[in-house]
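Scroll down for the structure; my scribbles are underneath it.
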Amino acid sequence: AVEVSSRTISTMETEKEIVGSQKQQLAKLFEESLRAAFPDVSDVQSLIAICNDAKHGDYQCNNAMSLWNKLKGKGTQFKGPQPVGKAIIENLPASEMIEKCSIAGPGFVNIVLARQWIANSLQKMLIDGIETWAPKLPVKRTVVDFSSPNIAKEMHVGHLRSTIIGDTLARMLEFSNVEVLRRNHVGDWGTQFGMLIEFLFDQFPNWEADSTPAIGDLEGFYKASKQRFDSDTDFKERAQKAVVSLQGGEEKYRKAWTQICEISRKEFQKVYERLGVHLEEKGESFYNPYIPKALELLNEKGLIEESEGARVIFIEGKKIPLIVVKRDGGFNYASTDLTALWYRLNEEKADWMIYVTDVGQREHFEMFFSAAKRAGWLPSNEKDYPKVSHVGFGLVLGEDGKRFRTRSTEVVKLVDLLDEAKSRCKLALVERGKAKEWTAEELEQTAEAVGYGAVKYADLKNNRSTNYTFNFDQMLSDKGNTAVYLLYAHARICSIIRKSGRDIQDLKKSGAIDLAHPDERMLGLHLLQFAEIVEEACTNLLPNLVCEYLYNISEDFTRFYTNCQVVGSAEETSRLLLCEATAVVMRKCFHLLGITPVYKI
Ligand code: ARG
């Protein structure tokens with residue numbers, strides 16, 4: 001034990017120790033107790049949860065009942081779950097964390113955390129940084145496959161959802177010290193390129209000399225080429241030959257393909273820049289050369305069968321098999337995804353593959369995940385690593401309850417949405433007289449942060465699997481659970497600190513936090529729950545948990561601020577530090593959600 005503690009101290013000196021979540025810290029304490037109290041029962045994991053009723057405690061340990069079920073009938077000295085709970089309490093190692101424990105019902109152990117410990121933890125975080133609160137996750141390297149639009153096709157609202165949700169998941173995992181490979185699985189391969197290339201040749205005889213032929217909007221280009229493909233048999237034939245030439249690697253075709261991709265990519269990049277999202281493109285074409293090898297591995301396992309001229313994998317419980325080689329000998333979406341999975345597992349050594357697409361693709365993911373399990377690439381138990389997860393999300397609806405579209409019934413352009421959000425915010429700020437108060441740059445930056453933040457937050461706050469209605473008025477309201485309200489709440493806290501005239505950096509070192517008032521204690525306790533919320537959001541891939549938490553924190557703060565005077569009170573120092581801790585936690589939540597905080601309003 002001595003050795004362990006001295007090692008901990010030395011790491012604390014060199015780099016700041018990551019303490020893990022409160023729940024993880026409590027779990028450790030209770031596991032020690034369980035090992036001491038029940039040495040014969042091996043492998044007990046402590047079950048720690050937030051107390052159902054805050055009147056009884058902050059957390060509870062729920063091991064007694066299941067332990068009793070294991071013990072009874074084995075000649076145990078215990079007489080029921082209550083005494084088991086009592087033994088858990090008696091064997092707890094001494095800790096500053098816990099003020100008291102009590103037993104309720106059939107052996108639940110209610111835990112009240114020590115006020116001083118909460119205060120100290122907050123203060124330590126203010127000095128060491130919120131990174132020391134990062135949760136500890138059982139993964140090292142993950143692939144987050146998100147955004148993934150298709151070349152020459154429109155990047156629709158579904159891709160916006162994928163981009164926003166995927167980016168947030170990546171940010172949460174990165175915060176938790178997991179290495180994240182942010183992958184843009186762009187649809188840049190397939191038979192549509194034949195017609196696109198032939199159309200390019202026809203429309204722009206000089207395309208080779210021109211690095212960016214003015215093909216205008218790619219969607220229009222795609223539509224026109226498709227129309228030609230459907231109506232002109234000669235063109236159709238040429239387009240089909242072009243696919244063969246492209247896939248055979250013929251120089252001229254390769255070059256045209258590269259050029260079309262390049263134009264699309266520039267369009268995508270505009271959206272990513274606006275959203276502040278960074279991705280690394282490894283499109284479908286990247287995996288193409290590896291497909292024969294991956295399929296050979298599946299074939300060796302006897303998984304691939306012949307069916308109606310195609311090569312397929314049968315999946316238990318599914319009527320239709322997964323096609324991996326089409327009748328014409330070509331590869332498809334599934335062969336690419338299986339190969340990409342193989343690559344991610346074997347070449348990139350990732351232990352968690354996360355795919356963010358609309359729920360409509362669930363079947364596709366279930367199918368190729370099952371195939372990979374059959375091949376033994378993935379463990380059969382879904383809880384074990386390496387692991388795959390499909391993060392499905394619902395539709396974005398318009399006011400009419402139908403799929404979200406603009407008046408012209410065209411698919412909504414993402415960039416236009418962001419522009420509109422920003423200009424509406426700017427207008428609201430001007431109406432509040434900010435154009436006179438701020439520089440033009442400040443106005444611009446705030447409008448952008450709030451506008452883009454509002455679009456992201458409106459998406460992320462919903463449980464991702466449900467559909468949601470896109471409504472500018474609602475998402476840009478400064479009341480209720482919106483980014484605008486939360487960003488303003490944060491700015492107000494910053495202004496309280498500024499206006500106090502005290503130097504917060506000094507206070508962090510010299511002052512102390514006390515949580516005497518119940519509303520202070522409540523706020524402090526909930527701030528400390530940050531890490532376990534992030535942990536849960538990562539584990540279940542649910543960013544809305546962070547939104548919910550952020551909103552609750554702002555409510556706790558309002559209650560505290562209404563009932564506790566800050567500036568000019570005897571507790572000014574402590575309360576300013578509590579304001580600062582709230583601002584730090586809120587800012588980190590914004591960061592995880594990809595929202596830029598604002599400091600004044
Ligand atoms: N390009 C696809 C689409 O737009 C999404 C790709 C998702 N990723 C994957 N590995 N299948 O629907």
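Following the order of the structure tokens, first chain is A, next is B, and so on, with residues numbered from 1 inside each chain and ligands from 1 in the order they appear.
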Residues of range 151-226 of chain A within 10 Å of range 574-590 of chain A: nearest atom pair and distance (Å, one decimal) for each, counting only C-alpha atoms, sorted by chain and number, as a Markdown table?
| residue | atom | partner | partner_atom | distance |
| --- | --- | --- | --- | --- |
| A:Thr168 | CA | A:Phe590 | CA | 9.9 |
| A:Met172 | CA | A:Cys589 | CA | 9.3 |
| A:Phe175 | CA | A:Lys588 | CA | 9.5 |
| At most 6 Å from ligand 1 (only C-alpha atoms and all ligand atoms): residue list as a PyMOL selection string | chain A and resi 145+148-150+185-187+337+357
What are the nearest atom pairs, with distances in Å to one decimal, for all residues of range 216-276 of chain A that come at most 10 Å from range 201-204 of chain A, using only C-alpha atoms, set out by chain and rising residue number as JSON lines?
{"residue": "A:Phe221", "atom": "CA", "partner": "A:Gln203", "partner_atom": "CA", "distance": 10.0}
{"residue": "A:Phe235", "atom": "CA", "partner": "A:Asp202", "partner_atom": "CA", "distance": 9.9}
{"residue": "A:Tyr253", "atom": "CA", "partner": "A:Phe201", "partner_atom": "CA", "distance": 9.7}
{"residue": "A:Ala256", "atom": "CA", "partner": "A:Phe201", "partner_atom": "CA", "distance": 8.3}
Go ahead and dump the residues you just picked, C-alpha atoms, as a PDB file, in the first residue's frame.
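Writing done, so here's again.pdb:
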ATOM      1  CA  PHE A 221     -24.452  18.811 -62.626  1.00  0.00           C
ATOM      2  CA  PHE A 235     -24.490   8.265 -73.462  1.00  0.00           C
ATOM      3  CA  TYR A 253     -10.596   8.805 -66.174  1.00  0.00           C
ATOM      4  CA  ALA A 256     -11.493  13.443 -64.233  1.00  0.00           C
TER       5      ALA A 256
END
| field | For Glu535 in chain A, the nearest of the candidates A:His517, A:Lys136, A:Arg374, A:Lys413, counting only C-alpha atoms | value | A:Lys136
| said: Taking 5 positions as the minimum chain separation for residues in the same chain, which residues sit within 8 Å of range 296-312 of chain A when counting only C-alpha atoms? Answer as number ranges by chain. | reply: A: 321-329, 374-375
So that I have them on file, write out the residues from the current selection with N, CA and C atoms, as a PDB file, in the first residue's frame.
ATOM      1  N   PRO A 321     -29.861 -12.161 -47.687  1.00  0.00           N
ATOM      2  CA  PRO A 321     -28.444 -12.172 -47.304  1.00  0.00           C
ATOM      3  C   PRO A 321     -27.762 -10.836 -47.625  1.00  0.00           C
ATOM      4  N   LEU A 322     -26.577 -10.682 -47.102  1.00  0.00           N
ATOM      5  CA  LEU A 322     -25.770  -9.480 -47.369  1.00  0.00           C
ATOM      6  C   LEU A 322     -24.982  -9.716 -48.658  1.00  0.00           C
ATOM      7  N   ILE A 323     -25.230  -8.896 -49.666  1.00  0.00           N
ATOM      8  CA  ILE A 323     -24.511  -9.061 -50.933  1.00  0.00           C
ATOM      9  C   ILE A 323     -23.143  -8.400 -50.816  1.00  0.00           C
ATOM     10  N   VAL A 324     -22.090  -9.138 -51.142  1.00  0.00           N
ATOM     11  CA  VAL A 324     -20.752  -8.545 -51.071  1.00  0.00           C
ATOM     12  C   VAL A 324     -20.087  -8.431 -52.449  1.00  0.00           C
ATOM     13  N   VAL A 325     -20.541  -9.244 -53.402  1.00  0.00           N
ATOM     14  CA  VAL A 325     -20.123  -9.041 -54.791  1.00  0.00           C
ATOM     15  C   VAL A 325     -21.384  -9.096 -55.652  1.00  0.00           C
ATOM     16  N   LYS A 326     -21.623  -8.036 -56.387  1.00  0.00           N
ATOM     17  CA  LYS A 326     -22.851  -7.968 -57.186  1.00  0.00           C
ATOM     18  C   LYS A 326     -22.767  -8.948 -58.358  1.00  0.00           C
ATOM     19  N   ARG A 327     -23.917  -9.130 -59.006  1.00  0.00           N
ATOM     20  CA  ARG A 327     -23.972 -10.070 -60.126  1.00  0.00           C
ATOM     21  C   ARG A 327     -22.985  -9.700 -61.240  1.00  0.00           C
ATOM     22  N   ASP A 328     -22.774  -8.382 -61.415  1.00  0.00           N
ATOM     23  CA  ASP A 328     -21.843  -7.944 -62.467  1.00  0.00           C
ATOM     24  C   ASP A 328     -20.384  -7.983 -62.009  1.00  0.00           C
ATOM     25  N   GLY A 329     -20.164  -8.538 -60.830  1.00  0.00           N
ATOM     26  CA  GLY A 329     -18.787  -8.659 -60.343  1.00  0.00           C
ATOM     27  C   GLY A 329     -18.304  -7.445 -59.559  1.00  0.00           C
ATOM     28  N   ARG A 374     -19.602 -13.320 -37.274  1.00  0.00           N
ATOM     29  CA  ARG A 374     -19.495 -14.687 -37.782  1.00  0.00           C
ATOM     30  C   ARG A 374     -18.069 -15.009 -38.184  1.00  0.00           C
ATOM     31  N   ALA A 375     -17.372 -14.020 -38.719  1.00  0.00           N
ATOM     32  CA  ALA A 375     -15.997 -14.243 -39.178  1.00  0.00           C
ATOM     33  C   ALA A 375     -15.008 -14.265 -38.013  1.00  0.00           C
TER      34      ALA A 375
END
| message | To test your reading of the structure, identify every residue in range 350-541 of chain A that backbone DSSP assigns to alpha helix (DSSP H), and report it as a ChimeraX atom specification. | response | /A:362-374,414-431,434-437,440-460,472-475,483-500,504-510,518-528,530-539
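Comparing the minimum interatomic distances between Gly360 in chain A and each of A:Gly194, A:Gly330, A:Gly392, A:Pro379, counting only C-alpha atoms, we find that A:Gly392 sits nearest.
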| said: For a quick check of understanding, using only C-alpha atoms, which of A:Val359, A:Leu29, A:Met65, A:Leu545 has the smallest distance to Leu593 in chain A? | reply: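 Distance minimum relative to Leu593 in chain A lands on A:Leu545.
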If we count only C-alpha atoms and set the cut-off at 7 Å, which residues sit around Ile291 in chain A, ignoring sequence neighbours fewer than 4 positions away in its own chain? Please answer as a compact mmCIF listing (two decimals) with N, CA and C atoms, in the first residue's frame.
# COMPACT_ATOMS: atom_id res chain seq x y z
N TYR A 287 -10.66 2.27 -49.52
CA TYR A 287 -10.69 0.86 -49.13
C TYR A 287 -10.77 -0.08 -50.32
N LEU A 295 -12.40 -9.91 -48.61
CA LEU A 295 -13.38 -10.92 -49.00
C LEU A 295 -12.75 -12.32 -48.99
N SER A 335 -19.52 -4.35 -49.19
CA SER A 335 -18.15 -4.88 -49.29
C SER A 335 -17.15 -3.83 -48.81
N THR A 336 -17.45 -2.57 -49.12
CA THR A 336 -16.55 -1.49 -48.67
C THR A 336 -16.57 -1.39 -47.15
N THR A 339 -14.71 -4.17 -45.47
CA THR A 339 -13.27 -3.98 -45.65
C THR A 339 -12.76 -2.85 -44.75
Can you tell me, as a PDB file with all heavy atoms, in the first residue's frame, what residues are no more than 7 Å from Ser102 in chain A when counting only C-alpha atoms, ignoring any on the same chain fewer than 6 positions away?
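So the final result, stored in around.pdb, reads:
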ATOM      1  N   VAL A 109     -27.379   1.469   0.792  1.00  0.00           N
ATOM      2  CA  VAL A 109     -26.527   2.344   1.592  1.00  0.00           C
ATOM      3  C   VAL A 109     -26.613   3.751   1.012  1.00  0.00           C
ATOM      4  O   VAL A 109     -26.170   3.997  -0.112  1.00  0.00           O
ATOM      5  CB  VAL A 109     -25.063   1.854   1.587  1.00  0.00           C
ATOM      6  CG1 VAL A 109     -24.181   2.816   2.363  1.00  0.00           C
ATOM      7  CG2 VAL A 109     -24.968   0.451   2.146  1.00  0.00           C
ATOM      8  N   ASN A 110     -27.229   4.661   1.749  1.00  0.00           N
ATOM      9  CA  ASN A 110     -27.287   6.057   1.304  1.00  0.00           C
ATOM     10  C   ASN A 110     -26.012   6.772   1.708  1.00  0.00           C
ATOM     11  O   ASN A 110     -25.530   6.618   2.829  1.00  0.00           O
ATOM     12  CB  ASN A 110     -28.491   6.763   1.933  1.00  0.00           C
ATOM     13  CG  ASN A 110     -29.785   6.309   1.290  1.00  0.00           C
ATOM     14  OD1 ASN A 110     -29.831   6.062   0.083  1.00  0.00           O
ATOM     15  ND2 ASN A 110     -30.828   6.177   2.091  1.00  0.00           N
ATOM     16  N   ILE A 111     -25.489   7.547   0.785  1.00  0.00           N
ATOM     17  CA  ILE A 111     -24.192   8.189   1.021  1.00  0.00           C
ATOM     18  C   ILE A 111     -24.353   9.702   0.966  1.00  0.00           C
ATOM     19  O   ILE A 111     -24.884  10.229  -0.012  1.00  0.00           O
ATOM     20  CB  ILE A 111     -23.174   7.765  -0.060  1.00  0.00           C
ATOM     21  CG1 ILE A 111     -23.122   6.240  -0.183  1.00  0.00           C
ATOM     22  CG2 ILE A 111     -21.803   8.353   0.214  1.00  0.00           C
ATOM     23  CD1 ILE A 111     -22.607   5.753  -1.539  1.00  0.00           C
TER      24      ILE A 111
END
| task | Rank nothing, just name the residue among A:Gly105, A:Gly190, A:Gly129, A:Gly398 nearest to Gln240 in chain A, using only C-alpha atoms. | result |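 Of the candidates, the smallest distance to Gln240 in chain A is held by A:Gly190.
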| Between CA of Glu448 in chain A and CA of Lys426 in chain A - distance in Å to one decimal |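 Computing it gives 8.1 Å between the two atoms.
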| request: Find the spatial neighbours of Leu181 in chain A, counting only C-alpha atoms, within a cut-off of 7 Å - ignore same-chain residues fewer than 6 positions away - and output them as number ranges by chain. | output: A: 142-144
